[in-house]
>>> print(open('data-v8.cif').read())   # mmCIF, C-alpha atoms
data_data
loop_
_atom_site.label_atom_id
_atom_site.label_comp_id
_atom_site.auth_asym_id
_atom_site.auth_seq_id
_atom_site.Cartn_x
_atom_site.Cartn_y
_atom_site.Cartn_z
CA MET A 1 191.87 -169.96 98.74
CA LYS A 2 188.80 -169.05 100.76
CA THR A 3 190.30 -170.44 103.91
CA SER A 4 193.49 -168.44 103.47
CA ILE A 5 191.49 -165.22 103.03
CA PHE A 6 189.54 -166.00 106.18
CA ALA A 7 192.78 -166.82 107.96
CA ALA A 8 194.27 -163.52 106.83
CA ILE A 9 191.20 -161.57 108.01
CA GLY A 10 191.26 -163.52 111.24
CA ALA A 11 194.93 -162.74 111.73
CA LEU A 12 194.29 -159.05 111.08
CA PHE A 13 191.49 -159.11 113.60
CA LEU A 14 193.71 -160.73 116.16
CA MET A 15 196.45 -158.18 115.53
CA PHE A 16 193.98 -155.37 116.05
CA ALA A 17 192.55 -156.94 119.14
CA THR A 18 196.00 -157.52 120.60
CA PHE A 19 197.09 -154.01 119.66
CA SER A 20 194.06 -152.47 121.35
CA ALA A 21 194.40 -154.59 124.44
CA ASN A 22 198.06 -153.74 124.89
CA ALA A 23 197.74 -150.05 124.22
CA THR A 24 196.87 -149.14 127.77
CA SER A 25 198.96 -146.05 127.72
CA LEU A 26 197.68 -142.52 127.60
CA LEU A 27 198.44 -139.95 124.96
CA ILE A 28 199.38 -136.90 126.98
CA SER A 29 199.52 -133.44 125.46
CA ASP A 30 199.53 -129.76 126.41
CA ALA A 31 200.94 -130.37 129.88
CA TRP A 32 201.44 -127.14 131.78
CA VAL A 33 201.83 -125.81 135.29
CA ARG A 34 200.21 -122.48 136.02
CA ALA A 35 202.69 -119.74 136.85
CA ALA A 36 202.23 -118.72 140.47
CA PRO A 37 203.62 -116.15 142.92
CA PRO A 38 207.07 -117.00 144.36
CA ASN A 39 205.44 -117.69 147.72
CA ALA A 40 202.51 -119.72 146.37
CA PRO A 41 201.56 -122.51 148.81
CA ALA A 42 200.12 -124.66 146.00
CA LEU A 43 200.51 -125.10 142.24
CA ALA A 44 198.22 -126.72 139.73
CA ALA A 45 199.23 -128.84 136.73
CA PHE A 46 196.98 -129.37 133.74
CA MET A 47 197.11 -131.54 130.61
CA LYS A 48 195.05 -133.43 128.10
CA LEU A 49 194.83 -137.20 128.59
CA GLU A 50 193.63 -139.29 125.69
CA ASN A 51 192.87 -142.96 125.99
CA PRO A 52 192.90 -144.69 122.58
CA SER A 53 192.44 -148.11 124.14
CA ALA A 54 189.28 -150.10 124.75
CA ILE A 55 189.86 -150.20 128.51
CA GLU A 56 189.41 -147.39 131.00
CA ILE A 57 192.73 -146.09 132.31
CA THR A 58 192.83 -144.69 135.81
CA ILE A 59 195.44 -142.43 137.31
CA VAL A 60 195.86 -143.37 140.95
CA SER A 61 198.57 -140.94 141.96
CA ALA A 62 201.12 -138.49 140.64
CA SER A 63 204.61 -137.41 141.60
CA THR A 64 207.04 -134.75 140.47
CA THR A 65 210.76 -134.08 140.40
CA LEU A 66 209.97 -130.61 141.71
CA PRO A 67 210.64 -130.57 145.46
CA VAL A 68 207.15 -130.36 146.94
CA ASN A 69 205.54 -131.50 150.17
CA ARG A 70 203.06 -133.74 148.35
CA VAL A 71 201.10 -134.21 145.16
CA GLU A 72 197.32 -134.70 145.10
CA LEU A 73 194.66 -135.32 142.48
CA HIS A 74 191.89 -132.73 142.60
CA ARG A 75 188.77 -131.63 140.91
CA THR A 76 187.00 -128.29 141.17
CA ILE A 77 183.26 -128.76 141.34
CA LYS A 78 180.52 -126.13 141.37
CA ALA A 79 178.02 -127.01 144.08
CA ASP A 80 175.95 -125.33 146.80
CA GLY A 81 176.75 -121.91 145.35
CA MET A 82 180.46 -122.46 145.87
CA MET A 83 183.45 -123.71 143.97
CA LYS A 84 184.66 -126.80 145.80
CA MET A 85 188.15 -128.22 145.68
CA VAL A 86 187.58 -131.90 146.04
CA LEU A 87 190.42 -134.32 146.67
CA GLN A 88 190.16 -137.24 144.25
CA LYS A 89 191.39 -140.78 144.76
CA THR A 90 191.70 -141.30 141.02
CA ILE A 91 191.37 -139.52 137.70
CA PRO A 92 189.61 -141.82 135.23
CA VAL A 93 190.15 -141.63 131.48
CA PRO A 94 187.33 -143.62 129.83
CA ALA A 95 188.03 -145.98 126.92
CA HIS A 96 188.25 -144.29 123.52
CA SER A 97 187.83 -140.96 125.26
CA SER A 98 189.74 -138.23 126.96
CA THR A 99 189.88 -136.36 130.25
CA VAL A 100 191.11 -132.81 130.21
CA LEU A 101 192.82 -131.42 133.27
CA LYS A 102 192.11 -127.69 133.11
CA PRO A 103 191.36 -124.70 135.35
CA GLY A 104 187.98 -125.10 137.03
CA SER A 105 188.03 -128.86 136.60
CA TRP A 106 190.43 -131.78 137.10
CA HIS A 107 193.96 -130.85 138.10
CA ILE A 108 197.06 -132.16 139.79
CA MET A 109 197.89 -130.16 142.87
CA LEU A 110 201.53 -129.67 143.86
CA ILE A 111 201.50 -128.71 147.50
CA LYS A 112 204.09 -126.53 149.25
CA PRO A 113 206.77 -126.34 146.58
CA GLU A 114 210.19 -125.50 148.04
CA THR A 115 210.70 -123.05 145.20
CA VAL A 116 208.06 -122.01 142.73
CA PRO A 117 209.21 -122.55 139.12
CA VAL A 118 209.10 -119.51 136.86
CA ILE A 119 207.48 -119.10 133.42
CA GLY A 120 209.23 -121.23 130.81
CA GLU A 121 210.67 -123.69 133.29
CA SER A 122 209.75 -127.33 132.87
CA VAL A 123 208.43 -129.67 135.53
CA GLN A 124 208.52 -133.46 135.27
CA LEU A 125 205.33 -135.18 136.31
CA THR A 126 204.91 -138.93 136.65
CA LEU A 127 201.44 -140.43 136.59
CA GLN A 128 200.89 -143.78 138.27
CA LEU A 129 198.26 -145.86 136.50
CA SER A 130 196.02 -148.47 138.10
CA ASP A 131 197.71 -151.32 136.17
CA GLY A 132 200.97 -150.55 137.94
CA SER A 133 202.60 -148.79 135.01
CA SER A 134 203.57 -145.16 134.99
CA GLN A 135 203.98 -142.39 132.46
CA THR A 136 206.16 -139.32 132.69
CA VAL A 137 205.37 -136.01 131.06
CA THR A 138 207.14 -132.67 130.92
CA ALA A 139 204.94 -129.74 131.86
CA ILE A 140 205.93 -126.16 131.01
CA VAL A 141 205.23 -123.31 133.39
CA GLU A 142 202.89 -120.88 131.68
CA LYS A 143 200.77 -118.02 132.86
CA GLY A 144 197.06 -117.68 133.31
CA GLU A 145 194.56 -119.28 131.05
CA MET A 146 196.53 -119.48 127.83
CA LYS A 147 196.74 -123.22 127.44
CA ASN A 148 193.25 -123.60 128.77
CA LYS A 149 191.88 -121.41 126.01
CA LYS A 150 193.84 -123.21 123.36
CA MET A 151 192.57 -126.52 124.66
CA MET A 152 188.98 -125.41 124.76
CA GLY A 153 189.18 -124.32 121.15
CA CYS A 154 187.95 -120.85 122.05
CA GLY A 155 186.01 -120.42 118.85
CA SER A 156 183.68 -117.76 120.21
CA GLY A 157 186.20 -115.00 119.66
CA LYS A 158 185.17 -113.76 123.07
CA CYS A 159 188.38 -114.80 124.75
CA GLY A 160 190.65 -114.74 121.73
CA SER A 161 191.37 -111.04 122.03
CA GLY A 162 192.34 -111.36 125.67
CA LYS A 163 195.85 -110.14 126.13
CA CYS A 164 198.05 -111.85 128.62
CA GLY A 165 199.55 -109.92 131.44
CA SER A 166 203.25 -109.72 132.02
CA GLY A 167 202.85 -111.81 135.13
CA LYS A 168 205.37 -109.86 137.16
CA MET B 1 128.46 -114.37 106.76
CA ASN B 2 127.34 -111.77 109.25
CA THR B 3 127.23 -114.24 112.04
CA ALA B 4 130.84 -115.08 111.29
CA ILE B 5 131.83 -111.42 111.67
CA PHE B 6 129.97 -111.10 114.94
CA LYS B 7 131.53 -114.19 116.35
CA LYS B 8 134.80 -112.41 117.05
CA PRO B 9 133.63 -109.99 119.75
CA ILE B 10 131.92 -112.89 121.48
CA ASN B 11 135.24 -114.76 121.67
CA PHE B 12 137.04 -111.61 122.75
CA ASP B 13 139.62 -112.53 125.36
CA PRO B 14 138.84 -110.48 128.48
CA LEU B 15 142.51 -110.74 129.42
CA LEU B 16 143.50 -108.90 126.27
CA LEU B 17 142.38 -105.56 127.64
CA ILE B 18 144.34 -106.12 130.83
CA ARG B 19 147.35 -107.14 128.78
CA LEU B 20 147.08 -104.03 126.60
CA VAL B 21 146.75 -101.73 129.60
CA GLY B 22 149.72 -103.47 131.23
CA LEU B 23 151.82 -103.06 128.13
CA LEU B 24 150.86 -99.41 127.89
CA LEU B 25 151.87 -98.87 131.51
CA ILE B 26 155.22 -100.56 130.93
CA ILE B 27 155.91 -98.44 127.85
CA THR B 28 154.94 -95.27 129.72
CA GLY B 29 157.13 -96.31 132.60
CA LEU B 30 160.06 -96.97 130.35
CA THR B 31 159.81 -93.74 128.43
CA THR B 32 158.82 -91.23 131.07
CA GLY B 33 158.84 -92.67 134.56
CA CYS B 34 162.59 -93.16 135.05
CA ASN B 35 164.41 -90.96 137.44
CA PRO B 36 167.92 -90.38 136.00
CA SER B 37 169.61 -91.43 139.24
CA ASP B 38 167.73 -94.71 139.24
CA LYS B 39 168.47 -95.73 135.68
CA LYS B 40 169.67 -99.26 135.35
CA ALA B 41 172.72 -100.26 133.42
CA VAL B 42 172.27 -102.97 130.85
CA THR B 43 174.90 -105.59 131.55
CA GLU B 44 176.02 -108.76 129.79
CA SER B 45 177.12 -110.74 132.80
CA ALA B 46 176.95 -108.68 136.00
CA THR B 47 173.84 -108.80 138.16
CA LEU B 48 172.83 -105.43 139.54
CA LEU B 49 171.33 -105.24 142.98
CA PRO B 50 167.82 -103.73 142.81
CA LYS B 51 169.11 -101.19 145.29
CA ALA B 52 172.76 -100.79 146.32
CA LYS B 53 173.28 -102.46 149.67
CA GLN B 54 174.86 -100.60 152.55
CA ILE B 55 177.65 -102.52 154.20
CA GLU B 56 178.74 -101.83 157.75
CA ASN B 57 182.26 -100.65 158.35
CA PHE B 58 184.87 -103.41 158.48
CA ASN B 59 188.34 -103.29 159.97
CA LEU B 60 190.74 -105.39 157.97
CA ILE B 61 194.52 -105.29 157.62
CA HIS B 62 196.45 -104.45 154.49
CA HIS B 63 200.22 -104.79 154.35
CA ALA B 64 201.38 -102.65 151.41
CA GLN B 65 204.66 -103.96 150.01
CA GLY B 66 207.69 -102.40 151.61
CA GLN B 67 205.55 -100.83 154.29
CA SER B 68 204.14 -101.82 157.63
CA SER B 69 200.65 -103.16 158.16
CA GLY B 70 197.89 -100.64 157.83
CA LYS B 71 194.14 -100.53 158.05
CA PHE B 72 191.78 -101.51 155.31
CA ASN B 73 188.25 -100.44 156.01
CA LYS B 74 185.23 -98.82 154.44
CA GLU B 75 187.10 -95.54 154.19
CA SER B 76 189.59 -97.33 151.89
CA ILE B 77 186.94 -98.03 149.28
CA MET B 78 185.09 -94.70 149.33
CA ASP B 79 185.18 -92.64 146.11
CA ASN B 80 186.37 -95.65 144.15
CA TRP B 81 184.75 -98.50 142.31
CA SER B 82 186.02 -101.60 144.12
CA MET B 83 185.90 -105.21 143.01
CA PHE B 84 186.09 -107.73 145.86
CA PHE B 85 187.01 -111.39 145.57
CA PHE B 86 187.03 -113.75 148.55
CA GLY B 87 189.56 -116.58 148.53
CA TYR B 88 192.80 -117.85 150.08
CA THR B 89 196.36 -118.32 148.90
CA ARG B 90 196.50 -122.12 149.19
CA CYS B 91 193.72 -122.22 146.60
CA PRO B 92 195.32 -123.77 143.52
CA ASP B 93 192.63 -123.26 140.94
CA ILE B 94 189.76 -120.82 141.36
CA CYS B 95 191.63 -117.97 143.08
CA PRO B 96 194.56 -117.83 140.63
CA THR B 97 192.03 -117.93 137.79
CA ALA B 98 190.04 -115.03 139.24
CA LEU B 99 193.21 -113.07 140.02
CA TYR B 100 194.48 -113.70 136.52
CA MET B 101 191.20 -112.57 134.96
CA MET B 102 191.10 -109.40 137.09
CA SER B 103 194.76 -108.59 136.37
CA THR B 104 194.16 -109.06 132.64
CA MET B 105 191.18 -106.74 132.94
CA MET B 106 193.36 -104.13 134.68
CA ARG B 107 196.03 -104.34 131.98
CA GLN B 108 193.43 -103.94 129.27
CA ILE B 109 192.03 -100.87 131.02
CA GLU B 110 195.56 -99.46 131.38
CA ASP B 111 196.07 -99.94 127.64
CA ASN B 112 192.74 -98.27 126.91
CA PRO B 113 191.85 -96.01 129.87
CA THR B 114 188.77 -94.56 128.20
CA ALA B 115 187.12 -98.01 128.20
CA VAL B 116 185.78 -97.18 131.67
CA LYS B 117 184.91 -93.97 133.48
CA GLN B 118 187.05 -94.77 136.47
CA ILE B 119 189.71 -97.46 136.98
CA PRO B 120 188.46 -99.82 139.69
CA GLN B 121 190.49 -101.06 142.60
CA ILE B 122 190.81 -104.80 143.01
CA ILE B 123 190.60 -106.28 146.50
CA PHE B 124 191.39 -109.89 147.33
CA VAL B 125 190.08 -110.74 150.79
CA SER B 126 191.57 -113.87 152.33
CA VAL B 127 188.95 -115.81 154.26
CA ASP B 128 191.84 -117.75 155.79
CA PRO B 129 193.65 -115.40 158.20
CA GLN B 130 194.65 -118.52 160.14
CA GLN B 131 197.23 -119.24 157.43
CA ASP B 132 197.34 -116.09 155.28
CA LYS B 133 199.40 -113.40 156.93
CA PRO B 134 198.90 -109.89 155.48
CA GLU B 135 202.48 -109.48 154.22
CA ALA B 136 202.62 -112.85 152.39
CA LEU B 137 199.08 -112.29 151.11
CA GLN B 138 200.10 -108.99 149.52
CA GLU B 139 203.18 -110.60 147.95
CA PHE B 140 200.91 -113.31 146.53
CA VAL B 141 198.36 -110.97 144.94
CA SER B 142 200.97 -108.47 143.69
CA PHE B 143 202.35 -111.20 141.44
CA PHE B 144 199.20 -110.96 139.35
CA HIS B 145 199.02 -107.17 139.26
CA PRO B 146 200.85 -104.61 141.43
CA ALA B 147 197.64 -102.66 142.05
CA ILE B 148 195.72 -105.56 143.59
CA ILE B 149 195.16 -105.12 147.31
CA GLY B 150 195.40 -108.20 149.50
CA THR B 151 193.62 -107.89 152.80
CA THR B 152 192.43 -110.00 155.70
CA GLY B 153 191.86 -109.62 159.41
CA GLU B 154 190.18 -111.16 162.41
CA GLN B 155 188.20 -114.20 161.29
CA SER B 156 185.02 -112.71 162.78
CA VAL B 157 185.50 -109.47 160.83
CA VAL B 158 186.14 -111.34 157.58
CA ASP B 159 183.11 -113.56 158.23
CA LYS B 160 180.85 -110.59 158.84
CA LEU B 161 181.86 -108.97 155.54
CA VAL B 162 181.45 -112.30 153.72
CA ARG B 163 177.92 -112.61 155.14
CA GLU B 164 177.00 -109.03 154.34
CA VAL B 165 177.88 -109.30 150.67
CA GLY B 166 176.12 -112.65 150.45
CA ALA B 167 179.22 -114.77 149.82
CA ILE B 168 179.82 -118.12 151.47
CA TYR B 169 182.77 -120.32 152.28
CA GLN B 170 183.50 -123.39 154.37
CA ARG B 171 186.59 -125.21 155.54
CA VAL B 172 186.70 -128.85 154.51
CA TYR B 173 188.91 -131.11 156.61
CA TYR B 174 190.59 -134.21 155.26
CA LEU B 175 191.80 -137.29 157.10
CA ASN B 176 193.43 -140.02 154.99
CA GLU B 177 191.92 -138.61 151.81
CA ASN B 178 188.41 -138.59 153.28
CA VAL B 179 186.35 -135.57 154.20
CA VAL B 180 185.70 -135.27 157.91
CA VAL B 181 182.92 -133.11 159.27
CA PHE B 182 183.33 -131.47 162.66
CA GLU B 183 180.48 -130.12 164.72
CA ASN B 184 182.45 -127.13 165.86
CA GLN B 185 185.91 -125.61 165.82
CA ASP B 186 186.79 -127.08 169.23
CA SER B 187 186.22 -130.67 168.16
CA ILE B 188 188.95 -130.55 165.50
CA PRO B 189 191.99 -132.59 166.56
CA GLU B 190 195.22 -130.62 166.80
CA GLN B 191 196.95 -132.46 163.93
CA LEU B 192 194.08 -131.63 161.58
CA LYS B 193 193.79 -127.94 162.52
CA ASN B 194 195.56 -126.90 159.30
CA ALA B 195 194.58 -129.88 157.12
CA TYR B 196 191.76 -128.18 155.29
CA LEU B 197 190.77 -126.81 151.96
CA ILE B 198 188.22 -124.05 151.61
CA ASP B 199 185.17 -124.20 149.38
CA HIS B 200 184.06 -120.69 148.55
CA SER B 201 181.93 -118.42 146.38
CA ALA B 202 183.72 -117.44 143.21
CA ALA B 203 181.84 -114.26 142.35
CA ILE B 204 183.32 -110.77 142.20
CA TYR B 205 181.46 -108.19 144.28
CA LEU B 206 181.41 -104.62 142.96
CA PHE B 207 181.14 -101.74 145.41
CA ASN B 208 180.25 -98.25 144.21
CA PRO B 209 182.04 -95.04 145.27
CA ASP B 210 179.53 -94.64 148.14
CA GLY B 211 180.96 -97.85 149.60
CA ASP B 212 177.76 -99.80 148.89
CA LEU B 213 177.50 -103.22 147.27
CA HIS B 214 176.29 -102.44 143.76
CA ALA B 215 176.61 -105.50 141.49
CA ILE B 216 177.86 -109.06 141.37
CA PHE B 217 179.98 -110.56 138.58
CA PRO B 218 179.49 -114.33 138.33
CA MET B 219 181.99 -116.70 136.73
CA PRO B 220 183.45 -116.86 134.13
CA HIS B 221 185.17 -113.54 134.58
CA GLU B 222 185.99 -112.70 130.98
CA PRO B 223 188.04 -109.48 131.16
CA GLU B 224 186.42 -107.88 128.09
CA VAL B 225 182.91 -108.55 129.40
CA MET B 226 183.78 -107.22 132.87
CA ILE B 227 185.17 -104.02 131.32
CA ARG B 228 182.02 -103.48 129.24
CA ASP B 229 179.76 -104.18 132.22
CA LEU B 230 181.79 -101.96 134.51
CA ALA B 231 181.64 -99.14 131.94
CA ALA B 232 177.86 -99.55 131.60
CA ILE B 233 177.38 -99.58 135.38
CA GLN B 234 179.58 -96.51 135.88
CA GLN B 235 177.79 -94.70 133.06
CA ALA B 236 174.37 -95.36 134.60
CA TRP B 237 175.44 -94.30 138.08
CA HIS B 238 174.55 -90.78 139.14
#
>>> encode(input="data-v8.cif", output="structure tokens")
Amino acid sequence: MKTSIFAAIGALFLMFATFSANATSLLISDAWVRAAPPNAPALAAFMKLENPSAIEITIVSASTTLPVNRVELHRTIKADGMMKMVLQKTIPVPAHSSTVLKPGSWHIMLIKPETVPVIGESVQLTLQLSDGSSQTVTAIVEKGEMKNKKMMGCGSGKCGSGKCGSGK
Amino acid sequence: MNTAIFKKPINFDPLLLIRLVGLLLIITGLTTGCNPSDKKAVTESATLLPKAKQIENFNLIHHAQGQSSGKFNKESIMDNWSMFFFGYTRCPDICPTALYMMSTMMRQIEDNPTAVKQIPQIIFVSVDPQQDKPEALQEFVSFFHPAIIGTTGEQSVVDKLVREVGAIYQRVYYLNENVVVFENQDSIPEQLKNAYLIDHSAAIYLFNPDGDLHAIFPMPHEPEVMIRDLAAIQQAWH
């Protein structure tokens, strides 16, 4: 009897361990591309990346179905009294943690789009992970800081009353 | 018992008198010594310059939509409160955020015009005239709000204005995903001439109707806070 209980616990453990080890995919939510002028030379895509696994997941590159010149991983960093746009080789998502791509921080830069998508349009983005797999997400074109505020929780009430412009 | 009472004056802190006199002077200064024209606005976010800074005339170019290129100089900002931001159109993150915040601020003022004494004008100066042509620049900024003025000009003119307000920027060149530093403009290889991003200050610089630099709004540029600060600054101005 005892052995069978131990075996059952052991099996459960193994299942969990296997499950965790295999779950090297990201949970992606709130993907959006910031609405930009029709002649914008660059667009930025943002999203929340959650890593439920026990292993760090790294994004090594990104691509899009939107016709653009190229796609780059970037991070805005405050340093030397300036805001710096720094090209990144990877975007890491630590184990059991999340990385939020948002204005003023990590973002995916879509450079020289042939046509700039308008508000409400969707853009397919594919993230290449370091293990060779890839994940595709649909990002919606939205204006300003809306998603950003939602993602940050915005509990202060300071930004909650901010009305959004018509974006014309 | 008596000794205990007399102990206090012996331990009397000689600095106390100085402190009391200082405090008295401060109170007197606060209540009586202020000249109305010098009164300082109390702001939540904006930093007021101790004394508004005179800026030399600048000759930039502004291409109003549907019109030909015209001048944008110190004359263009006289008699108005003007908020300057320095950026470039290939900027994917900071500039659209600032433009969005300023356009939201403008729409909130339009909805409630009495929130400020005078509606400010918003000026986006491109520090990248090499790639930002006045017409395209104006089209870019107008997307955020039709009243925003996009302006740029000779690099040396832009640079002088940037320096005068105390802003900074630098071009950062990339070669195969690595930053490359060049000693001077001439040492940049031809194929990399346009392969740069620009790091830049992200503050908003407020000029008063005399055309002088008056206050600086640091990030984050929350529209409601900027409106309250602008109102306080305008109220305190002679």
>>> resolve_selection(input="data-v8.cif", expression="the PyMOL selection byres ((chain A and resi 123-139) around 9)", output="list in words")
Thr24, Ser25, Leu26, Ile28, Ser29, Asp30, Ala31, Trp32, Val33, Ala45, Phe46, Met47, Ile57, Thr58, Ile59, Val60, Ser61, Ala62, Ser63, Thr64, Thr65, Leu66, Thr90, Pro117, Glu121, Ser122, Ile140 and Val141 of chain A
>>> resolve_selection(input="data-v8.cif", expression="the PyMOL selection byres ((chain B) within 6 of (chain A))", output="ChimeraX atom specification")
/B:90,92-93,100,104,140,143-144,199-201
>>> atom_distance(input="data-v8.cif", atom1="atom CA of B:Gln235", atom2="atom CA of B:Val162")
27.4 Å
>>> atom_distance(input="data-v8.cif", atom1="atom CA of B:Leu99", atom2="atom CA of B:Val141")
7.4 Å
>>> atom_distance(input="data-v8.cif", atom1="atom CA of B:Leu49", atom2="atom CA of B:Ala215")
5.5 Å
>>> residues_around(input="data-v8.cif", residues="B:Gln155", least_positions_apart="3", cutoff="7 Å", atoms="all atoms listed in the file", output="compact mmCIF listing (two decimals) with C-alpha atoms, keeping the file's coordinate frame")
# COMPACT_ATOMS: atom_id res chain seq x y z
CA PRO B 129 193.65 -115.40 158.20
CA VAL B 158 186.14 -111.34 157.58
CA ASP B 159 183.11 -113.56 158.23
>>> resolve_selection(input="data-v8.cif", expression="the PyMOL selection byres ((chain B and resi 77) around 9)", output="compact mmCIF listing (two decimals) with C-alpha atoms, keeping the file's coordinate frame")
# COMPACT_ATOMS: atom_id res chain seq x y z
CA PHE B 72 191.78 -101.51 155.31
CA ASN B 73 188.25 -100.44 156.01
CA LYS B 74 185.23 -98.82 154.44
CA GLU B 75 187.10 -95.54 154.19
CA SER B 76 189.59 -97.33 151.89
CA MET B 78 185.09 -94.70 149.33
CA ASP B 79 185.18 -92.64 146.11
CA ASN B 80 186.37 -95.65 144.15
CA TRP B 81 184.75 -98.50 142.31
CA SER B 82 186.02 -101.60 144.12
CA GLN B 121 190.49 -101.06 142.60
CA PHE B 207 181.14 -101.74 145.41
CA ASN B 208 180.25 -98.25 144.21
CA PRO B 209 182.04 -95.04 145.27
CA ASP B 210 179.53 -94.64 148.14
CA GLY B 211 180.96 -97.85 149.60
